[in-house]
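Source file: model-v1.tsv. Holds: TSV, N, CA and C atoms.
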chain	number	residue	atom	x	y	z
A	907	MET	N	13.14	21.36	-1.61
A	907	MET	CA	13.36	20.47	-0.49
A	907	MET	C	14.77	20.74	0.05
A	908	SER	N	14.87	20.88	1.34
A	908	SER	CA	16.17	21.17	1.95
A	908	SER	C	17.05	19.92	1.93
A	909	GLU	N	18.32	20.13	2.13
A	909	GLU	CA	19.27	19.01	2.17
A	909	GLU	C	18.92	18.04	3.29
A	910	LYS	N	18.48	18.58	4.42
A	910	LYS	CA	18.08	17.74	5.55
A	910	LYS	C	16.90	16.85	5.15
A	911	GLN	N	15.90	17.43	4.50
A	911	GLN	CA	14.73	16.66	4.07
A	911	GLN	C	15.11	15.60	3.05
A	912	LYS	N	16.02	15.93	2.14
A	912	LYS	CA	16.49	14.96	1.15
A	912	LYS	C	17.18	13.79	1.83
A	913	GLN	N	17.99	14.08	2.84
A	913	GLN	CA	18.70	13.02	3.56
A	913	GLN	C	17.73	12.13	4.33
A	914	VAL	N	16.73	12.74	4.95
A	914	VAL	CA	15.72	11.98	5.68
A	914	VAL	C	14.98	11.06	4.72
A	915	GLU	N	14.59	11.57	3.57
A	915	GLU	CA	13.87	10.76	2.59
A	915	GLU	C	14.75	9.61	2.07
A	916	LYS	N	16.00	9.87	1.85
A	916	LYS	CA	16.94	8.83	1.41
A	916	LYS	C	17.06	7.74	2.47
A	917	GLU	N	17.15	8.13	3.73
A	917	GLU	CA	17.25	7.15	4.82
A	917	GLU	C	15.95	6.36	4.96
A	918	ARG	N	14.81	7.02	4.79
A	918	ARG	CA	13.53	6.31	4.85
A	918	ARG	C	13.46	5.24	3.77
A	919	ARG	N	13.87	5.58	2.56
A	919	ARG	CA	13.89	4.59	1.47
A	919	ARG	C	14.83	3.45	1.81
A	920	GLY	N	15.94	3.77	2.42
A	920	GLY	CA	16.89	2.74	2.83
A	920	GLY	C	16.31	1.79	3.86
A	921	VAL	N	15.61	2.33	4.84
A	921	VAL	CA	14.97	1.51	5.87
A	921	VAL	C	13.90	0.63	5.22
A	922	LEU	N	13.11	1.18	4.32
A	922	LEU	CA	12.08	0.41	3.64
A	922	LEU	C	12.70	-0.75	2.87
A	923	GLU	N	13.72	-0.49	2.10
A	923	GLU	CA	14.37	-1.54	1.32
A	923	GLU	C	14.96	-2.62	2.22
A	924	LEU	N	15.57	-2.22	3.32
A	924	LEU	CA	16.14	-3.18	4.25
A	924	LEU	C	15.05	-4.05	4.88
A	925	LEU	N	13.95	-3.42	5.30
A	925	LEU	CA	12.84	-4.19	5.90
A	925	LEU	C	12.20	-5.13	4.88
A	926	LEU	N	12.04	-4.67	3.65
A	926	LEU	CA	11.51	-5.54	2.61
A	926	LEU	C	12.41	-6.75	2.42
A	927	GLN	N	13.70	-6.50	2.35
A	927	GLN	CA	14.68	-7.57	2.16
A	927	GLN	C	14.64	-8.56	3.33
A	928	LYS	N	14.63	-8.03	4.55
A	928	LYS	CA	14.64	-8.89	5.74
A	928	LYS	C	13.38	-9.74	5.85
A	929	ASN	N	12.29	-9.26	5.27
A	929	ASN	CA	11.02	-9.97	5.34
A	929	ASN	C	10.68	-10.73	4.07
A	930	GLY	N	11.61	-10.72	3.14
A	930	GLY	CA	11.41	-11.47	1.90
A	930	GLY	C	10.26	-10.95	1.06
A	931	LEU	N	10.05	-9.65	1.08
A	931	LEU	CA	8.96	-9.04	0.32
A	931	LEU	C	9.49	-8.17	-0.79
A	932	LYS	N	8.67	-8.03	-1.80
A	932	LYS	CA	8.94	-7.06	-2.85
A	932	LYS	C	8.00	-5.88	-2.61
A	933	ARG	N	8.39	-4.72	-3.09
A	933	ARG	CA	7.59	-3.51	-2.90
A	933	ARG	C	6.16	-3.72	-3.41
A	934	LYS	N	6.00	-4.36	-4.57
A	934	LYS	CA	4.68	-4.60	-5.15
A	934	LYS	C	3.83	-5.47	-4.23
A	935	GLU	N	4.43	-6.47	-3.60
A	935	GLU	CA	3.68	-7.32	-2.67
A	935	GLU	C	3.16	-6.51	-1.50
A	936	LEU	N	3.99	-5.63	-0.98
A	936	LEU	CA	3.58	-4.78	0.14
A	936	LEU	C	2.46	-3.84	-0.29
A	937	VAL	N	2.62	-3.22	-1.44
A	937	VAL	CA	1.60	-2.29	-1.94
A	937	VAL	C	0.29	-3.02	-2.16
A	938	ASP	N	0.34	-4.19	-2.80
A	938	ASP	CA	-0.88	-4.97	-3.04
A	938	ASP	C	-1.57	-5.34	-1.73
A	939	PHE	N	-0.80	-5.75	-0.73
A	939	PHE	CA	-1.37	-6.09	0.57
A	939	PHE	C	-2.04	-4.88	1.21
A	940	LEU	N	-1.34	-3.76	1.20
A	940	LEU	CA	-1.88	-2.55	1.83
A	940	LEU	C	-3.11	-2.04	1.09
A	941	LEU	N	-3.13	-2.18	-0.22
A	941	LEU	CA	-4.32	-1.80	-0.98
A	941	LEU	C	-5.50	-2.67	-0.59
A	942	GLY	N	-5.25	-3.96	-0.39
A	942	GLY	CA	-6.31	-4.87	0.05
A	942	GLY	C	-6.86	-4.48	1.41
A	943	VAL	N	-5.99	-4.13	2.33
A	943	VAL	CA	-6.42	-3.70	3.66
A	943	VAL	C	-7.24	-2.42	3.56
A	944	TRP	N	-6.77	-1.48	2.75
A	944	TRP	CA	-7.49	-0.21	2.57
A	944	TRP	C	-8.86	-0.45	1.96
A	945	MET	N	-8.92	-1.29	0.91
A	945	MET	CA	-10.20	-1.59	0.27
A	945	MET	C	-11.17	-2.26	1.24
A	946	ALA	N	-10.66	-3.18	2.04
A	946	ALA	CA	-11.52	-3.87	3.01
A	946	ALA	C	-12.12	-2.88	4.00
A	947	GLY	N	-11.36	-1.87	4.36
A	947	GLY	CA	-11.85	-0.86	5.29
A	947	GLY	C	-12.84	0.11	4.67
A	948	LYS	N	-12.88	0.16	3.36
A	948	LYS	CA	-13.74	1.10	2.65
A	948	LYS	C	-14.93	0.43	1.97
A	949	ILE	N	-14.99	-0.89	2.03
A	949	ILE	CA	-15.98	-1.64	1.26
A	949	ILE	C	-17.42	-1.24	1.59
A	950	ASP	N	-17.65	-0.75	2.81
A	950	ASP	CA	-19.00	-0.35	3.20
A	950	ASP	C	-19.48	0.90	2.45
A	951	GLU	N	-18.60	1.54	1.72
A	951	GLU	CA	-18.98	2.72	0.94
A	951	GLU	C	-19.65	2.32	-0.37
A	952	LEU	N	-19.59	1.04	-0.73
A	952	LEU	CA	-20.21	0.57	-1.97
A	952	LEU	C	-21.65	0.15	-1.72
A	953	THR	N	-22.49	0.44	-2.69
A	953	THR	CA	-23.88	-0.01	-2.61
A	953	THR	C	-23.92	-1.48	-3.03
A	954	GLU	N	-25.05	-2.12	-2.76
A	954	GLU	CA	-25.22	-3.51	-3.18
A	954	GLU	C	-25.13	-3.63	-4.69
A	955	GLN	N	-25.65	-2.65	-5.40
A	955	GLN	CA	-25.59	-2.64	-6.86
A	955	GLN	C	-24.14	-2.55	-7.34
A	956	GLU	N	-23.35	-1.72	-6.70
A	956	GLU	CA	-21.94	-1.60	-7.06
A	956	GLU	C	-21.20	-2.90	-6.76
A	957	LYS	N	-21.49	-3.51	-5.62
A	957	LYS	CA	-20.86	-4.78	-5.26
A	957	LYS	C	-21.21	-5.87	-6.27
A	958	ALA	N	-22.41	-5.82	-6.82
A	958	ALA	CA	-22.87	-6.83	-7.77
A	958	ALA	C	-22.03	-6.82	-9.05
A	959	GLN	N	-21.30	-5.76	-9.31
A	959	GLN	CA	-20.45	-5.67	-10.48
A	959	GLN	C	-19.23	-6.59	-10.38
A	960	PHE	N	-18.99	-7.13	-9.19
A	960	PHE	CA	-17.82	-7.94	-8.92
A	960	PHE	C	-18.26	-9.29	-8.36
A	961	PRO	N	-18.84	-10.15	-9.19
A	961	PRO	CA	-19.45	-11.39	-8.71
A	961	PRO	C	-18.45	-12.42	-8.15
A	962	ASN	N	-17.19	-12.28	-8.44
A	962	ASN	CA	-16.20	-13.25	-7.98
A	962	ASN	C	-15.58	-12.88	-6.64
A	963	LEU	N	-15.98	-11.75	-6.10
A	963	LEU	CA	-15.44	-11.31	-4.80
A	963	LEU	C	-16.48	-11.51	-3.71
A	964	ALA	N	-16.03	-11.87	-2.55
A	964	ALA	CA	-16.93	-12.05	-1.40
A	964	ALA	C	-16.89	-10.78	-0.55
A	965	PHE	N	-18.06	-10.22	-0.33
A	965	PHE	CA	-18.15	-9.00	0.49
A	965	PHE	C	-18.85	-9.29	1.79

In structure tokens, what does this structure look like?
Amino acid sequence: MSEKQKQVEKERRGVLELLLQKNGLKRKELVDFLLGVWMAGKIDELTEQEKAQFPNLAF
């Protein structure tokens, strides 16, 4: 990775941390939320039998 790429990645992490702080979020909260959004968008890939394995979730 070039020095330029390393600097860009460092700045991206800095922006992420600042935005998390400003919004009162922790990284895990953001990841959990985004995973939920991703799963909701993919739920149609599950069969009814597969969905039945998770009786406490509403599909």

Could you give me, as number ranges by chain, each residue of chain A that DSSP assigns to helix (DSSP H, G or I) when run on this structure's backbone?
A: 909-928, 933-951, 954-957

My list of candidates is A:Lys932, A:Met907, A:Arg918, A:Phe965. Which is closest to Gly947 of chain A when distances are computed with only C-alpha atoms?
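Going through A:Lys932, A:Met907, A:Arg918, A:Phe965 one by one, the smallest distance to Gly947 of chain A is for A:Phe965.
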
Near Leu926 of chain A, counting only C-alpha atoms, which residues have an atom at most 10 Å away, once you skip same-chain residues fewer than 6 positions from it, shown as a ChimeraX atom specification?
/A:920,932-933,935-936

Atomic distance atom C of Leu925 of chain A - atom C of Gly942 of chain A, expressed in Å with one decimal:
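Value for the atom C of Leu925 of chain A-atom C of Gly942 of chain A distance: 19.4 Å.
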
Separation of atom CA of Gln913 of chain A from atom C of Asp938 of chain A, in Å and rounded to one decimal
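These atoms are spaced 27.9 Å apart.
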
Go ahead and compute the interatomic distance for atom N of Met945 of chain A and atom N of Gln959 of chain A, in Å to one decimal.
16.7 Å

Could you pull segment 952-963 of chain A out of the structure just shown and give C-alpha atoms as a short mmCIF file (atom, residue, chain, number, x, y, z; two decimals), in the first residue's frame?
data_model
loop_
_atom_site.label_atom_id
_atom_site.label_comp_id
_atom_site.auth_asym_id
_atom_site.auth_seq_id
_atom_site.Cartn_x
_atom_site.Cartn_y
_atom_site.Cartn_z
CA LEU A 952 -34.67 -17.81 2.34
CA THR A 953 -37.22 -20.53 1.79
CA GLU A 954 -40.23 -20.85 4.07
CA GLN A 955 -38.58 -23.92 5.61
CA GLU A 956 -35.43 -21.92 6.36
CA LYS A 957 -37.49 -19.08 7.84
CA ALA A 958 -39.28 -21.60 10.08
CA GLN A 959 -35.94 -22.21 11.85
CA PHE A 960 -36.30 -18.75 13.42
CA PRO A 961 -39.74 -18.75 15.08
CA ASN A 962 -39.13 -15.58 17.11
CA LEU A 963 -38.47 -13.39 14.08
#
